[in-house]
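Undergrad: Dropping in final10.txt, which is compact mmCIF, C-alpha atoms:
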```
# COMPACT_ATOMS: atom_id res chain seq x y z
CA MET A 577 116.04 118.01 110.16
CA LEU A 578 118.01 118.57 113.31
CA ILE A 579 121.60 117.30 113.02
CA LEU A 580 123.57 116.68 116.21
CA THR A 581 126.91 115.22 117.16
CA ARG A 582 126.95 112.98 120.24
CA LYS A 583 129.72 111.10 121.98
CA LEU A 584 129.60 107.71 123.68
CA ASN A 585 127.06 107.64 126.57
CA GLN A 586 125.63 111.04 125.68
CA LYS A 587 121.86 111.32 125.38
CA LEU A 588 119.09 113.01 123.47
CA ILE A 589 115.81 113.77 125.25
CA ILE A 590 112.53 114.13 123.33
CA ASN A 591 109.30 115.42 124.92
CA ASP A 592 110.49 114.75 128.49
CA ASN A 593 109.68 111.04 128.11
CA ILE A 594 111.89 109.63 125.33
CA GLU A 595 115.59 109.13 125.90
CA ILE A 596 118.10 108.11 123.24
CA VAL A 597 121.63 107.20 124.37
CA ILE A 598 124.70 106.38 122.29
CA LEU A 599 125.87 102.96 123.54
CA GLU A 600 128.63 101.98 121.13
CA THR A 601 130.28 103.23 117.99
CA TYR A 602 131.77 101.17 115.19
CA LYS A 603 133.47 102.04 111.92
CA ASN A 604 130.24 102.67 110.02
CA ALA A 605 127.55 102.13 112.65
CA VAL A 606 126.26 103.38 115.97
CA LYS A 607 124.40 101.37 118.61
CA VAL A 608 121.70 103.42 120.30
CA GLY A 609 119.44 102.67 123.23
CA ILE A 610 115.92 104.07 123.34
CA LYS A 611 113.77 104.47 126.45
CA ALA A 612 110.18 105.40 125.68
CA PRO A 613 106.75 104.91 127.26
CA ASN A 614 104.98 101.65 126.39
CA ASN A 615 102.47 103.53 124.24
CA VAL A 616 105.24 104.83 121.96
CA GLN A 617 106.11 102.41 119.19
CA VAL A 618 109.73 102.41 118.00
CA PHE A 619 110.67 100.53 114.82
CA ARG A 620 113.67 100.25 112.55
CA GLU A 621 112.77 101.93 109.27
CA GLU A 622 112.72 98.71 107.23
CA ILE A 623 110.35 97.04 109.71
CA TYR A 624 108.11 100.10 109.77
CA ARG A 625 107.87 100.07 105.97
CA GLU A 626 106.91 96.36 105.99
CA ILE A 627 104.18 96.99 108.57
CA LYS A 628 102.80 99.88 106.50
CA LYS A 629 102.87 97.71 103.36
CA ALA A 630 101.03 94.85 105.11
CA ASN A 631 98.42 97.27 106.46
CA GLU A 632 97.83 98.72 102.99
CA MET A 633 97.45 95.23 101.51
CA SER A 634 94.96 94.22 104.19
CA LYS A 635 92.71 97.17 103.34
CA GLY A 636 91.76 95.45 100.10
CA ALA A 637 90.97 92.08 101.70
CA ASP A 638 87.45 90.73 101.24
CA VAL A 639 86.31 89.60 104.69
CA ARG A 640 83.25 87.92 103.19
CA ALA A 641 85.64 85.21 102.00
CA LEU A 642 86.23 84.30 105.67
CA GLU A 643 82.57 83.52 106.41
CA GLY A 644 82.94 79.90 105.25
CA LEU A 645 85.82 79.28 107.67
CA LYS A 646 83.69 78.83 110.80
CA ALA A 647 84.59 75.85 112.95
CA PRO A 648 82.00 73.04 112.75
CA HIS A 649 81.23 73.22 116.48
CA ALA A 650 80.49 76.93 116.17
CA GLN A 651 77.56 76.48 113.81
CA GLY A 652 74.27 77.27 115.47
CA PHE A 653 76.01 79.18 118.27
CA ASN A 654 74.38 82.52 118.94
CA LEU A 655 76.20 84.66 121.49
CA ALA A 656 73.21 86.98 121.93
CA ASP A 657 71.00 84.01 122.93
CA LYS A 658 73.64 82.72 125.36
CA LEU A 659 73.95 86.12 127.03
CA LYS A 660 70.18 86.57 127.21
CA HIS A 661 69.72 83.20 128.96
CA LYS A 662 72.63 83.88 131.30
CA ASN A 663 70.98 87.06 132.56
CA ASP A 664 67.57 85.37 133.16
```
Rewrite the structure from the file as structure tokens, please.
TA:
Amino acid sequence: MLILTRKLNQKLIINDNIEIVILETYKNAVKVGIKAPNNVQVFREEIYREIKKANEMSKGADVRALEGLKAPHAQGFNLADKLKHKND
């Protein structure tokens, strides 16, 4: 683990495209700003752990249980048939 000391408005740069700046300091907390590309996800640790937990729980879900949840108007609808007739 890299340990650094930063002052107000000082920055950290990661991989030329992620910037972390110290915005405010409090007694026991620091407010940081993070600039990163849209494809880089940034989460607080507690949110990240909840996402991981939800993803793990969804792995065990039985999708066959969802088959009976079709909307009544969707019965008899066949997308392949619709596309075939559209291209004729």
Undergrad: One decimal, in Å: what's the spacing between CA of Leu578 (chain A) and CA of Lys607 (chain A)?
TA: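 CA of Lys607 (chain A) lies at a distance of 19.1 Å from CA of Leu578 (chain A).
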Undergrad: I'd like the interatomic distance between CA of Leu588 (chain A) and CA of Lys628 (chain A), to a tenth of an Å.
TA: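 One can read the CA of Leu588 (chain A) to CA of Lys628 (chain A) distance as 26.9 Å.
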Undergrad: Neighbouring residues of Glu600 (chain A) were defined as those with any atom within 12 Å, considering only C-alpha atoms; residues of the same chain fewer than 3 positions away were excluded. Please report them as a list of chain:residue names.
TA: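 That gives A:Arg582, A:Lys583, A:Leu584, A:Asn585, A:Gln586, A:Val597, A:Lys603, A:Asn604, A:Ala605, A:Val606, A:Lys607, A:Val608, A:Gly609.
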Undergrad: Mind pulling up the distance from CA of Pro613 (chain A) to CA of Asp592 (chain A)?
TA: 10.6 Å
Undergrad: Taking all atoms listed in the file into account, name the residue in A:Ala630, A:Ile589, A:Ile579, A:Ile596 that is nearest to Val618 (chain A).
TA: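 Under the stated criterion, the closest residue is A:Ile596.
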